[in-house]
file work_14.cif (mmCIF, C-alpha atoms and all ligand atoms)
data_data
#
loop_
_atom_site.label_atom_id
_atom_site.label_comp_id
_atom_site.auth_asym_id
_atom_site.auth_seq_id
_atom_site.Cartn_x
_atom_site.Cartn_y
_atom_site.Cartn_z
CA MET A 1 9.69 39.38 -6.58
CA ALA A 2 10.56 35.73 -7.02
CA ARG A 3 14.17 34.76 -6.40
CA LYS A 4 15.92 33.73 -9.57
CA ILE A 5 18.11 30.71 -8.93
CA TYR A 6 19.40 30.22 -12.42
CA SER A 7 19.44 32.06 -15.70
CA THR A 8 21.09 31.70 -19.07
CA LYS A 9 20.57 32.66 -22.69
CA VAL A 10 19.26 30.49 -25.52
CA VAL A 11 22.16 30.15 -27.95
CA GLU A 12 20.79 27.91 -30.68
CA LEU A 13 17.45 26.49 -31.78
CA GLY A 14 16.38 23.59 -33.99
CA GLY A 15 17.02 19.98 -34.88
CA GLN A 16 20.78 20.13 -34.72
CA VAL A 17 20.58 20.50 -30.98
CA GLN A 18 19.33 16.92 -30.89
CA ASP A 19 22.78 15.80 -31.91
CA PHE A 20 24.13 16.95 -28.59
CA ILE A 21 21.71 14.87 -26.56
CA ALA A 22 24.41 12.42 -25.46
CA ALA A 23 26.32 15.20 -23.77
CA ALA A 24 23.34 17.12 -22.45
CA LYS A 25 22.93 17.80 -18.76
CA MET A 26 19.28 18.68 -18.66
CA ILE A 27 16.25 17.54 -20.61
CA ILE A 28 12.98 19.34 -20.32
CA MET A 29 10.00 17.25 -21.31
CA PHE A 30 6.34 18.00 -21.80
CA GLU A 31 3.65 15.58 -20.75
CA GLU A 32 1.99 15.52 -24.14
CA SER A 33 3.54 13.50 -26.94
CA MET A 34 4.73 15.55 -29.87
CA THR A 35 5.66 14.56 -33.39
CA LEU A 36 9.31 14.55 -34.27
CA PRO A 37 9.27 17.69 -36.45
CA GLU A 38 7.63 19.61 -33.62
CA LEU A 39 10.16 18.18 -31.27
CA ARG A 40 13.06 19.29 -33.44
CA ASP A 41 11.61 22.76 -33.71
CA ALA A 42 11.48 22.91 -29.99
CA CYS A 43 15.11 22.05 -29.37
CA VAL A 44 16.98 24.73 -27.54
CA MET A 45 20.61 24.92 -26.52
CA HIS A 46 21.81 26.88 -23.54
CA THR A 47 25.14 27.39 -21.94
CA GLY A 48 25.81 27.11 -18.21
CA ASN A 49 25.24 24.53 -15.49
CA HIS A 50 25.15 24.19 -11.65
CA LEU A 51 21.46 23.40 -11.24
CA GLU A 52 21.35 19.99 -9.66
CA ASP A 53 20.31 20.44 -6.05
CA MET A 54 18.65 23.80 -6.36
CA ILE A 55 15.56 22.85 -8.32
CA LYS A 56 12.53 21.10 -6.94
CA PRO A 57 8.99 20.33 -8.09
CA GLY A 58 6.86 23.45 -8.05
CA ASP A 59 9.68 25.77 -9.08
CA ILE A 60 9.03 27.86 -12.15
CA TYR A 61 10.89 27.43 -15.42
CA LYS A 62 10.64 30.54 -17.57
CA ILE A 63 11.78 30.74 -21.15
CA GLY A 64 11.15 33.83 -23.23
CA ASN A 65 7.70 34.94 -22.11
CA ALA A 66 6.41 31.46 -21.27
CA GLU A 67 6.30 29.96 -17.78
CA PHE A 68 6.15 26.28 -16.87
CA LYS A 69 5.79 24.66 -13.51
CA ILE A 70 8.41 21.96 -12.92
CA ILE A 71 6.60 18.82 -11.85
CA LYS A 72 9.43 16.33 -11.51
CA VAL A 73 13.19 16.53 -11.13
CA GLY A 74 15.65 13.69 -11.34
CA SER A 75 16.37 10.33 -12.81
CA GLU A 76 12.75 9.11 -13.03
CA VAL A 77 12.11 11.69 -15.70
CA GLN A 78 14.50 9.80 -17.93
CA LYS A 79 12.26 6.74 -17.85
CA ASN A 80 9.50 8.71 -19.55
CA LEU A 81 11.79 10.07 -22.18
CA MET A 82 10.88 7.58 -24.89
CA ASN A 83 7.14 8.23 -24.59
CA LEU A 84 7.06 11.95 -24.23
CA GLY A 85 7.83 14.95 -26.31
CA HIS A 86 10.65 17.00 -24.92
CA ILE A 87 12.85 19.99 -25.35
CA THR A 88 16.54 19.24 -25.07
CA VAL A 89 18.55 21.85 -23.30
CA LYS A 90 22.24 21.46 -23.72
CA PHE A 91 24.71 22.64 -21.14
CA ASP A 92 28.43 22.57 -21.45
CA GLY A 93 29.99 19.68 -19.56
CA GLY A 94 29.83 15.90 -19.74
CA ALA A 95 26.88 13.54 -19.85
CA SER A 96 27.47 12.24 -16.33
CA GLU A 97 25.12 14.77 -14.79
CA LEU A 98 22.36 14.14 -17.28
CA LEU A 99 20.08 12.30 -14.86
CA GLU A 100 20.31 14.79 -12.05
CA GLY A 101 19.48 17.66 -14.31
CA SER A 102 16.35 16.16 -15.85
CA LEU A 103 13.13 18.05 -15.40
CA LEU A 104 9.53 17.29 -16.24
CA VAL A 105 7.49 20.43 -16.67
CA GLU A 106 3.75 20.98 -16.92
CA GLU A 107 1.99 20.53 -20.24
CA LYS A 108 1.79 23.73 -22.29
CA PRO A 109 2.37 24.81 -25.88
CA ILE A 110 6.02 25.17 -26.71
CA PRO A 111 6.97 28.82 -26.48
CA ASP A 112 7.94 30.94 -29.40
CA ILE A 113 11.59 31.38 -28.53
CA LYS A 114 14.64 32.65 -30.30
CA PRO A 115 18.37 32.73 -29.66
CA GLY A 116 19.18 35.39 -27.11
CA ASP A 117 15.99 34.82 -25.09
CA GLU A 118 16.44 34.35 -21.38
CA LEU A 119 15.83 31.03 -19.66
CA ALA A 120 15.45 31.31 -15.91
CA ILE A 121 14.33 29.18 -12.96
CA TYR A 122 12.59 30.78 -9.98
CA LYS A 123 11.96 29.38 -6.51
CA ALA A 124 8.34 28.30 -6.26
CA GLU A 125 7.42 29.68 -2.88
CA GLU A 126 8.24 33.25 -3.73
CA LYS A 127 6.67 33.05 -7.14
CA VAL A 128 3.44 31.62 -5.79
CA ALA A 129 3.33 33.82 -2.73
CA ASP A 130 3.10 37.19 -4.42
CA GLY A 131 5.70 38.62 -2.09
CA SER A 132 4.68 36.80 1.09
CA TRP A 133 7.74 35.64 2.98
CA LEU A 134 6.29 32.27 4.01
CA GLY A 135 4.88 31.38 0.59
CA LEU A 136 1.87 29.54 2.03
CA LYS A 137 -0.72 31.17 -0.22
CA GLY A 138 -2.75 28.55 -2.07
CA LYS A 139 -1.36 25.64 -0.05
CA THR A 140 -3.68 23.30 1.83
CA ALA A 141 -3.18 22.51 5.51
CA ILE A 142 -5.08 20.02 7.65
CA VAL A 143 -5.10 20.83 11.36
CA THR A 144 -6.55 18.26 13.75
CA GLY A 145 -8.08 19.27 17.06
CA ALA A 146 -8.51 22.78 15.66
CA ALA A 147 -11.89 23.70 17.16
CA SER A 148 -10.06 24.99 20.23
CA GLY A 149 -6.80 26.19 21.75
CA ILE A 150 -3.48 25.76 19.95
CA GLY A 151 -5.00 24.01 16.92
CA LYS A 152 -7.45 26.86 16.39
CA ALA A 153 -4.64 29.43 16.61
CA VAL A 154 -2.58 27.39 14.13
CA ALA A 155 -5.54 27.17 11.70
CA GLN A 156 -6.05 30.94 11.99
CA ALA A 157 -2.36 31.58 11.26
CA PHE A 158 -2.52 29.42 8.10
CA LEU A 159 -5.66 31.27 6.95
CA ASP A 160 -3.98 34.63 7.63
CA ASN A 161 -1.12 33.54 5.40
CA GLY A 162 -3.45 32.62 2.54
CA ALA A 163 -3.40 28.83 3.01
CA ASN A 164 -6.63 26.86 2.74
CA VAL A 165 -7.34 24.94 5.93
CA VAL A 166 -9.28 21.80 6.71
CA VAL A 167 -10.17 22.16 10.37
CA CYS A 168 -11.02 18.84 11.95
CA ASP A 169 -12.19 18.09 15.44
CA LEU A 170 -14.56 15.89 17.44
CA ASN A 171 -16.49 18.98 18.47
CA PRO A 172 -19.81 19.17 16.58
CA ASN A 173 -19.76 22.99 16.74
CA GLU A 174 -17.87 24.68 13.96
CA PRO A 175 -15.41 27.28 15.33
CA ASN A 176 -15.32 30.87 14.02
CA PHE A 177 -12.28 32.25 12.24
CA GLU A 178 -11.43 35.81 11.26
CA LEU A 179 -11.34 36.00 7.49
CA HIS A 180 -10.25 38.91 5.30
CA GLU A 181 -9.78 39.48 1.60
CA ASP A 182 -6.47 37.59 1.35
CA SER A 183 -7.34 34.76 3.73
CA GLY A 184 -7.37 31.17 2.60
CA LYS A 185 -10.59 29.18 2.62
CA VAL A 186 -11.70 27.06 5.55
CA LYS A 187 -13.55 23.75 5.59
CA TYR A 188 -14.73 22.24 8.87
CA VAL A 189 -14.91 18.43 9.07
CA ILE A 190 -16.08 16.67 12.23
CA THR A 191 -13.49 13.96 12.74
CA ASN A 192 -12.49 11.47 15.39
CA VAL A 193 -8.75 10.95 14.94
CA THR A 194 -8.90 7.59 16.75
CA ASP A 195 -11.27 6.13 14.14
CA ALA A 196 -9.73 5.15 10.78
CA ASP A 197 -13.06 5.44 8.88
CA SER A 198 -13.61 8.94 10.20
CA VAL A 199 -10.03 9.94 9.31
CA ASN A 200 -10.31 8.51 5.78
CA ALA A 201 -13.62 10.32 5.21
CA MET A 202 -12.00 13.59 6.35
CA VAL A 203 -9.05 13.10 3.97
CA LYS A 204 -11.45 12.42 1.08
CA THR A 205 -13.38 15.61 1.87
CA ALA A 206 -10.10 17.55 1.98
CA ILE A 207 -9.03 16.26 -1.45
CA ASP A 208 -12.51 16.80 -2.94
CA THR A 209 -12.53 20.37 -1.60
CA PHE A 210 -8.98 21.59 -2.20
CA GLY A 211 -7.47 19.06 -4.63
CA LYS A 212 -4.37 18.19 -2.60
CA ILE A 213 -2.86 18.31 0.88
CA ASP A 214 0.46 20.11 1.46
CA ILE A 215 0.61 20.29 5.25
CA LEU A 216 -0.66 18.24 8.19
CA VAL A 217 -0.59 19.53 11.75
CA ASN A 218 -1.24 16.52 13.96
CA ASN A 219 -2.44 18.58 16.91
CA ALA A 220 -5.43 16.82 18.54
CA GLY A 221 -4.42 15.69 22.02
CA ILE A 222 -5.76 15.16 25.53
CA ASN A 223 -4.22 15.14 29.01
CA ILE A 224 -5.54 13.37 32.13
CA PRO A 225 -3.22 13.94 35.12
CA CYS A 226 -2.64 10.89 37.35
CA LEU A 227 0.02 9.19 39.46
CA LEU A 228 1.45 5.74 38.89
CA ILE A 229 1.03 4.97 42.61
CA ASP A 230 -0.91 6.89 45.29
CA PRO A 231 -0.41 5.22 48.68
CA LYS A 232 -2.51 7.99 50.35
CA ASP A 233 -5.71 6.98 48.58
CA PRO A 234 -6.96 3.38 48.91
CA TYR A 235 -9.50 4.09 46.11
CA GLY A 236 -6.79 5.32 43.74
CA LYS A 237 -8.91 8.13 42.33
CA TYR A 238 -5.87 9.72 40.70
CA GLU A 239 -3.97 6.52 39.92
CA LEU A 240 -3.29 5.48 36.34
CA ASN A 241 -5.70 2.81 35.13
CA ASP A 242 -6.54 1.03 31.88
CA LYS A 243 -9.34 3.43 31.00
CA VAL A 244 -7.13 6.50 31.29
CA TYR A 245 -4.25 4.70 29.57
CA ASP A 246 -6.42 3.68 26.57
CA LYS A 247 -8.01 7.10 26.26
CA VAL A 248 -4.80 9.13 26.36
CA THR A 249 -2.77 6.78 24.16
CA GLY A 250 -5.76 6.45 21.79
CA VAL A 251 -5.86 10.14 20.92
CA ASN A 252 -2.21 11.09 21.45
CA ILE A 253 -0.52 8.11 19.74
CA LYS A 254 -3.02 6.12 17.67
CA GLY A 255 -4.72 9.30 16.44
CA VAL A 256 -1.38 10.76 15.36
CA TYR A 257 -0.41 7.66 13.40
CA LEU A 258 -3.81 7.17 11.74
CA VAL A 259 -3.96 10.73 10.43
CA ALA A 260 -0.29 10.79 9.37
CA GLN A 261 -0.70 7.50 7.49
CA ALA A 262 -3.86 8.52 5.62
CA ILE A 263 -2.42 11.92 4.66
CA GLY A 264 1.08 10.52 4.08
CA HIS A 265 -0.34 8.34 1.27
CA GLU A 266 -1.76 11.46 -0.39
CA MET A 267 1.50 13.37 0.03
CA VAL A 268 3.51 10.56 -1.56
CA LYS A 269 1.08 10.60 -4.52
CA SER A 270 1.31 14.38 -4.92
CA GLY A 271 5.10 14.54 -4.59
CA GLY A 272 5.66 15.73 -1.02
CA GLY A 273 4.45 17.70 1.99
CA VAL A 274 5.12 18.62 5.60
CA ILE A 275 3.88 16.84 8.74
CA ILE A 276 4.07 18.70 12.05
CA ASN A 277 3.43 16.64 15.17
CA MET A 278 2.27 18.46 18.30
CA SER A 279 4.31 17.19 21.20
CA SER A 280 4.85 18.84 24.59
CA GLU A 281 7.84 20.03 26.55
CA SER A 282 6.85 17.34 29.09
CA GLY A 283 7.52 14.71 26.42
CA LEU A 284 11.15 15.72 26.37
CA GLU A 285 11.55 16.16 30.12
CA GLY A 286 8.96 13.96 31.86
CA SER A 287 6.35 15.45 34.19
CA GLU A 288 5.22 14.73 37.76
CA GLY A 289 1.54 13.74 37.71
CA GLN A 290 1.44 13.50 33.91
CA SER A 291 3.48 10.38 33.19
CA ILE A 292 1.06 8.83 30.70
CA TYR A 293 0.64 12.15 28.87
CA ALA A 294 4.41 12.74 28.81
CA ALA A 295 4.96 9.17 27.60
CA THR A 296 2.58 9.69 24.67
CA LYS A 297 4.36 12.92 23.77
CA ASN A 298 7.72 11.16 23.85
CA ALA A 299 6.18 8.57 21.53
CA VAL A 300 5.19 11.45 19.24
CA ASN A 301 8.82 12.68 19.32
CA SER A 302 9.89 9.21 18.28
CA PHE A 303 7.34 9.17 15.45
CA THR A 304 8.83 12.46 14.28
CA ARG A 305 12.39 11.14 14.25
CA SER A 306 11.47 7.78 12.65
CA TRP A 307 9.06 9.13 10.04
CA ALA A 308 11.69 11.69 9.04
CA LYS A 309 13.96 8.75 8.21
CA GLU A 310 11.19 6.94 6.31
CA LEU A 311 9.56 9.83 4.48
CA GLY A 312 12.43 12.13 3.53
CA LYS A 313 12.90 10.21 0.30
CA TYR A 314 9.33 11.11 -0.68
CA ASN A 315 10.00 14.81 -0.18
CA ILE A 316 7.92 14.79 3.04
CA ARG A 317 9.41 16.72 5.95
CA VAL A 318 8.42 15.78 9.51
CA VAL A 319 8.91 18.20 12.40
CA GLY A 320 7.78 18.22 16.05
CA MET A 321 6.57 21.16 18.11
CA ALA A 322 6.75 21.01 21.92
CA PRO A 323 4.91 23.83 23.72
CA GLY A 324 5.50 24.49 27.42
CA ILE A 325 2.93 26.20 29.67
CA MET A 326 0.53 28.07 27.42
CA GLU A 327 -2.27 30.54 28.11
CA ALA A 328 -5.43 28.63 29.02
CA THR A 329 -6.92 26.31 26.39
CA GLY A 330 -9.62 23.68 26.51
CA LEU A 331 -7.10 21.38 28.21
CA ARG A 332 -6.84 23.53 31.33
CA THR A 333 -10.18 22.83 33.01
CA LEU A 334 -10.63 23.16 36.77
CA ALA A 335 -10.81 19.35 37.02
CA TYR A 336 -7.45 19.18 35.21
CA GLU A 337 -5.89 21.76 37.54
CA GLU A 338 -7.28 20.04 40.66
CA ALA A 339 -5.97 16.68 39.52
CA LEU A 340 -2.53 18.04 38.63
CA ALA A 341 -2.27 20.01 41.89
CA TYR A 342 -3.25 16.88 43.85
CA THR A 343 -0.62 14.73 42.12
CA ARG A 344 2.03 17.30 43.05
CA GLY A 345 0.86 17.79 46.64
CA ILE A 346 0.20 21.54 46.12
CA THR A 347 -2.86 23.76 45.90
CA VAL A 348 -4.46 24.94 42.65
CA GLU A 349 -3.36 28.50 43.64
CA ASP A 350 0.27 27.36 43.91
CA LEU A 351 -0.04 25.59 40.58
CA ARG A 352 -1.34 28.79 38.97
CA LYS A 353 1.49 30.87 40.50
CA GLY A 354 3.87 28.53 38.70
CA TYR A 355 2.44 29.55 35.32
CA SER A 356 4.22 32.92 35.55
CA SER A 357 7.17 32.07 37.81
CA THR A 358 10.67 32.48 36.43
CA LYS A 359 11.57 29.38 38.48
CA THR A 360 9.32 27.29 36.22
CA THR A 361 9.62 29.28 33.01
CA PRO A 362 12.65 31.58 32.71
CA LEU A 363 10.74 34.08 30.57
CA GLY A 364 8.33 34.48 33.51
CA ARG A 365 5.06 34.09 31.66
CA SER A 366 2.97 31.49 29.92
CA GLY A 367 3.15 31.32 26.14
CA LYS A 368 0.63 32.86 23.78
CA LEU A 369 -1.14 30.47 21.43
CA SER A 370 -0.01 32.72 18.57
CA GLU A 371 3.61 32.06 19.58
CA VAL A 372 3.15 28.35 18.86
CA ALA A 373 1.13 29.12 15.72
CA ASN A 374 3.89 31.40 14.37
CA ALA A 375 6.48 28.66 14.83
CA VAL A 376 4.20 26.09 13.18
CA VAL A 377 3.54 28.14 10.03
CA PHE A 378 7.25 28.85 9.72
CA LEU A 379 8.15 25.16 10.05
CA ALA A 380 5.42 24.25 7.54
CA SER A 381 6.79 26.73 5.01
CA ASP A 382 9.60 26.25 2.54
CA ARG A 383 11.59 28.74 4.64
CA ALA A 384 12.23 25.73 6.88
CA SER A 385 13.00 23.42 3.97
CA TYR A 386 16.03 21.75 5.60
CA ILE A 387 14.47 21.26 9.05
CA HIS A 388 13.51 17.61 9.39
CA GLY A 389 13.21 14.96 12.11
CA VAL A 390 13.57 17.28 15.08
CA THR A 391 11.21 18.53 17.80
CA TYR A 392 11.32 22.18 18.86
CA ASN A 393 10.52 23.45 22.35
CA VAL A 394 8.40 26.60 22.34
CA ALA A 395 8.43 26.90 26.09
CA GLY A 396 10.01 30.18 27.26
CA GLY A 397 13.12 28.31 28.37
CA LYS A 398 11.19 25.86 30.57
CA THR A 399 12.97 22.63 31.42
CA ARG A 400 12.55 20.33 34.36
CA GLY A 401 16.20 19.33 34.67
P1 LIG B 1 -7.58 21.93 23.60
O1 LIG B 1 -8.32 21.00 24.48
O2 LIG B 1 -7.93 23.37 23.63
O3 LIG B 1 -7.66 21.42 22.08
C1 LIG B 1 -7.60 20.06 21.74
C2 LIG B 1 -8.66 19.79 20.69
O4 LIG B 1 -8.54 18.42 20.29
C3 LIG B 1 -10.08 19.98 21.20
O5 LIG B 1 -10.79 20.87 20.34
C4 LIG B 1 -10.67 18.59 21.18
O6 LIG B 1 -12.06 18.56 20.86
C5 LIG B 1 -9.85 17.94 20.09
N1 LIG B 1 -9.87 16.48 20.20
C6 LIG B 1 -9.74 15.72 21.31
N2 LIG B 1 -9.86 14.42 21.00
C7 LIG B 1 -10.06 14.35 19.67
C8 LIG B 1 -10.27 13.29 18.76
N3 LIG B 1 -10.32 12.02 19.17
N4 LIG B 1 -10.45 13.59 17.45
C9 LIG B 1 -10.44 14.87 17.03
N5 LIG B 1 -10.25 15.91 17.85
C10 LIG B 1 -10.07 15.65 19.15
O7 LIG B 1 -6.06 21.72 23.95
P2 LIG B 1 -4.72 22.46 23.50
O8 LIG B 1 -4.05 22.92 24.72
O9 LIG B 1 -4.99 23.42 22.43
O10 LIG B 1 -3.90 21.21 22.96
C11 LIG B 1 -3.57 21.04 21.61
C12 LIG B 1 -2.31 20.18 21.52
O11 LIG B 1 -1.22 20.90 22.12
C13 LIG B 1 -2.40 18.85 22.23
O12 LIG B 1 -1.75 17.86 21.46
C14 LIG B 1 -1.65 19.11 23.52
O13 LIG B 1 -1.12 17.93 24.06
C15 LIG B 1 -0.57 20.06 23.05
N6 LIG B 1 0.03 20.88 24.12
C16 LIG B 1 -0.71 21.80 24.80
C17 LIG B 1 -0.09 22.56 25.79
C18 LIG B 1 -0.83 23.62 26.58
O14 LIG B 1 -0.28 24.19 27.50
N7 LIG B 1 -2.07 23.93 26.24
C19 LIG B 1 1.26 22.36 26.10
C20 LIG B 1 1.96 21.41 25.39
C21 LIG B 1 1.34 20.68 24.40
#

call {"tool": "encode", "arguments": {"input": "work_14.cif", "output": "structure tokens", "more": "lines below"}}
Ligand code: NAD
result
Amino acid sequence: MARKIYSTKVVELGGQVQDFIAAAKMIIMFEESMTLPELRDACVMHTGNHLEDMIKPGDIYKIGNAEFKIIKVGSEVQKNLMNLGHITVKFDGGASELLEGSLLVEEKPIPDIKPGDELAIYKAEEKVADGSWLGLKGKTAIVTGAASGIGKAVAQAFLDNGANVVVCDLNPNEPNFELHEDSGKVKYVITNVTDADSVNAMVKTAIDTFGKIDILVNNAGINIPCLLIDPKDPYGKYELNDKVYDKVTGVNIKGVYLVAQAIGHEMVKSGGGVIINMSSESGLEGSEGQSIYAATKNAVNSFTRSWAKELGKYNIRVVGMAPGIMEATGLRTLAYEEALAYTRGITVEDLRKGYSSTKTTPLGRSGKLSEVANAVVFLASDRASYIHGVTYNVAGGKTRG
């Protein structure tokens, strides 16, 4: 059952209510223009107040038996007042809170209401979710790098929670997902996150397919272990070079910004969204043999903090996720393990022992991909609605301090 955040009773109907407009705290307007007589007939007066910060676009306004989706809250609504039909809802109290209480609701016929009817506002996520705690049903998520590993697990978790998912990846082979009756829909789009044209084409396909984008998980990433300096090897096989630098920064930094910018534009247009940037525990702590990778992940952490400051005003939340050592994904190839072991002066066997050592990870095991996916769907949901500009470790307690 949806959580009711406000309710009151209609106490008066009709044109006289218009006289109170100067002292009203909340004005509910419909997109379609209405003639004045219709407008007067629609005037409703309520008692009560205390709504300001609780309501947001998407919440449900219910009056009598009619439901309206709230599409805008706040002072901008006032600017449309002269051009649009509206219902005036009068609350006791002064006119000073008029702007904060203004709502624009979706276009619908004015309900047949009478004094004594209930007016109530319900939180959107619970209303839309049909009882699901996360309220992701019907939302659209884009997950980059989701043909494999963590991204694939994240895409599956969104589908399981009823969200539609645009899975994008360089991989030409479409991955399989488990779908059931209540799953969201999936659309696979081959995308190179380092190429703006490819990213823009993917965003267009997403909008054409699902209408809007609510969530972005900026997950695509690569890791090429190497040392800054390797005095033991005159050929510098495992030394950082321009090619490795360009490749790793290209996917892990440029790719993250290109996708966030293209989707950010859409989120601003549609009134908000959530961006989750996939970082790494190494980005917070640094990592022997992975300095360029760790540097890109620290750059991602910085994107998260800075974009939170820039995008909060557009109702876009930005959160970072920093996994530690996870069960094997496409990243953990033998070549990767050999390179990392070399840079640390240990054997591949020793490296593997570290995956489940309490010395490396206090919980004594590597993480399951579903454990990152669970955290991501939570952070993407309105359950995490005040979490913004911060990166979370999902790393079993692993630090390198
Ligand atoms: P993975 O290799 O299994 O998945 C990465 C996916 O990204 C692949 O499917 C790959 O095809 C795709 N990709 C690579 N370049 C791309 C591009 N230019 N455009 C589009 N897609 C591209 O690796 P993973 O372990 O699942 O990693 C996912 C994310 O999690 C990465 O950002 C990684 O840095 C991060 N991470 C992983 C771990 C771990 O232990 N696996 C730990 C911390 C952080």

call {"tool": "closest_atom_pairs", "arguments": {"input": "work_14.cif", "of": "chain A", "to": "ligand LIG 1 (chain B)", "cutoff": "8 Å", "atoms": "only C-alpha atoms and all ligand atoms", "output": "Markdown table"}}
result
| residue | atom | partner | partner_atom | distance |
| --- | --- | --- | --- | --- |
| A:Thr144 | CA | B:LIG1 | N5 | 6.0 |
| A:Gly145 | CA | B:LIG1 | O4 | 3.4 |
| A:Ala146 | CA | B:LIG1 | O5 | 5.5 |
| A:Ala147 | CA | B:LIG1 | O5 | 4.4 |
| A:Ser148 | CA | B:LIG1 | O5 | 4.2 |
| A:Gly149 | CA | B:LIG1 | O9 | 3.4 |
| A:Ile150 | CA | B:LIG1 | O9 | 3.7 |
| A:Gly151 | CA | B:LIG1 | O9 | 5.5 |
| A:Lys152 | CA | B:LIG1 | O9 | 7.4 |
| A:Cys168 | CA | B:LIG1 | C9 | 6.5 |
| A:Asp169 | CA | B:LIG1 | N5 | 3.8 |
| A:Leu170 | CA | B:LIG1 | C9 | 4.3 |
| A:Asn171 | CA | B:LIG1 | O6 | 5.1 |
| A:Ile190 | CA | B:LIG1 | C9 | 7.6 |
| A:Thr191 | CA | B:LIG1 | C9 | 5.3 |
| A:Asn192 | CA | B:LIG1 | N4 | 3.6 |
| A:Val193 | CA | B:LIG1 | N4 | 4.0 |
| A:Thr194 | CA | B:LIG1 | N3 | 5.2 |
| A:Asp195 | CA | B:LIG1 | N3 | 7.8 |
| A:Asn218 | CA | B:LIG1 | O12 | 7.6 |
| A:Asn219 | CA | B:LIG1 | O12 | 4.7 |
| A:Ala220 | CA | B:LIG1 | O4 | 3.9 |
| A:Gly221 | CA | B:LIG1 | O12 | 3.5 |
| A:Ile222 | CA | B:LIG1 | O13 | 5.6 |
| A:Asn223 | CA | B:LIG1 | O13 | 6.5 |
| A:Gly250 | CA | B:LIG1 | N3 | 7.7 |
| A:Val251 | CA | B:LIG1 | N3 | 5.1 |
| A:Asn252 | CA | B:LIG1 | O12 | 6.8 |
| A:Gly255 | CA | B:LIG1 | N3 | 6.8 |
| A:Met278 | CA | B:LIG1 | O12 | 5.1 |
| A:Ser279 | CA | B:LIG1 | C21 | 5.6 |
| A:Ser280 | CA | B:LIG1 | C20 | 3.9 |
| A:Glu281 | CA | B:LIG1 | C20 | 6.2 |
| A:Ser282 | CA | B:LIG1 | C20 | 7.4 |
| A:Tyr293 | CA | B:LIG1 | O13 | 7.7 |
| A:Lys297 | CA | B:LIG1 | O13 | 7.4 |
| A:Ala322 | CA | B:LIG1 | C20 | 5.9 |
| A:Pro323 | CA | B:LIG1 | C20 | 4.2 |
| A:Gly324 | CA | B:LIG1 | C19 | 4.9 |
| A:Ile325 | CA | B:LIG1 | O14 | 4.4 |
| A:Met326 | CA | B:LIG1 | O14 | 4.0 |
| A:Glu327 | CA | B:LIG1 | O14 | 6.7 |
| A:Ala328 | CA | B:LIG1 | N7 | 6.4 |
| A:Thr329 | CA | B:LIG1 | O2 | 4.2 |
| A:Gly330 | CA | B:LIG1 | O2 | 3.4 |
| A:Leu331 | CA | B:LIG1 | O1 | 3.9 |
| A:Arg332 | CA | B:LIG1 | N7 | 7.0 |

call {"tool": "atom_distance", "arguments": {"input": "work_14.cif", "atom1": "CA of Glu118 (chain A)", "atom2": "CA of Leu136 (chain A)"}}
result
28.0 Å

call {"tool": "residues_around", "arguments": {"input": "work_14.cif", "residues": "region 239-243 of chain A", "least_positions_apart": "2", "cutoff": "12 Å", "atoms": "only C-alpha atoms", "output": "PDB file with C-alpha atoms, in the coordinates of the input"}}
result
ATOM      1  CA  ILE A 224      -5.540  13.370  32.130  1.00  0.00           C
ATOM      2  CA  PRO A 225      -3.220  13.940  35.120  1.00  0.00           C
ATOM      3  CA  CYS A 226      -2.640  10.890  37.350  1.00  0.00           C
ATOM      4  CA  LEU A 227       0.020   9.190  39.460  1.00  0.00           C
ATOM      5  CA  LEU A 228       1.450   5.740  38.890  1.00  0.00           C
ATOM      6  CA  ILE A 229       1.030   4.970  42.610  1.00  0.00           C
ATOM      7  CA  ASP A 230      -0.910   6.890  45.290  1.00  0.00           C
ATOM      8  CA  PRO A 231      -0.410   5.220  48.680  1.00  0.00           C
ATOM      9  CA  LYS A 232      -2.510   7.990  50.350  1.00  0.00           C
ATOM     10  CA  ASP A 233      -5.710   6.980  48.580  1.00  0.00           C
ATOM     11  CA  PRO A 234      -6.960   3.380  48.910  1.00  0.00           C
ATOM     12  CA  TYR A 235      -9.500   4.090  46.110  1.00  0.00           C
ATOM     13  CA  GLY A 236      -6.790   5.320  43.740  1.00  0.00           C
ATOM     14  CA  LYS A 237      -8.910   8.130  42.330  1.00  0.00           C
ATOM     15  CA  TYR A 245      -4.250   4.700  29.570  1.00  0.00           C
ATOM     16  CA  ASP A 246      -6.420   3.680  26.570  1.00  0.00           C
ATOM     17  CA  LYS A 247      -8.010   7.100  26.260  1.00  0.00           C
ATOM     18  CA  VAL A 248      -4.800   9.130  26.360  1.00  0.00           C
ATOM     19  CA  THR A 249      -2.770   6.780  24.160  1.00  0.00           C
ATOM     20  CA  GLY A 250      -5.760   6.450  21.790  1.00  0.00           C
ATOM     21  CA  GLY A 289       1.540  13.740  37.710  1.00  0.00           C
ATOM     22  CA  GLN A 290       1.440  13.500  33.910  1.00  0.00           C
ATOM     23  CA  SER A 291       3.480  10.380  33.190  1.00  0.00           C
ATOM     24  CA  ILE A 292       1.060   8.830  30.700  1.00  0.00           C
ATOM     25  CA  TYR A 293       0.640  12.150  28.870  1.00  0.00           C
ATOM     26  CA  ALA A 339      -5.970  16.680  39.520  1.00  0.00           C
ATOM     27  CA  LEU A 340      -2.530  18.040  38.630  1.00  0.00           C
ATOM     28  CA  TYR A 342      -3.250  16.880  43.850  1.00  0.00           C
ATOM     29  CA  THR A 343      -0.620  14.730  42.120  1.00  0.00           C
TER      30      THR A 343
END

call {"tool": "residues_near_point", "arguments": {"input": "work_14.cif", "point": "(6.0, 30.3, 10.1)", "cutoff": "10 Å", "atoms": "all atoms listed in the file", "output": "list in words"}}
result
Trp133, Leu134, Gly135, Leu136, Val154, Ala157, Phe158, Asn161, Glu371, Val372, Ala373, Asn374, Ala375, Val376, Val377, Phe378, Leu379, Ala380, Ser381, Asp382, Arg383 and Ala384 of chain A
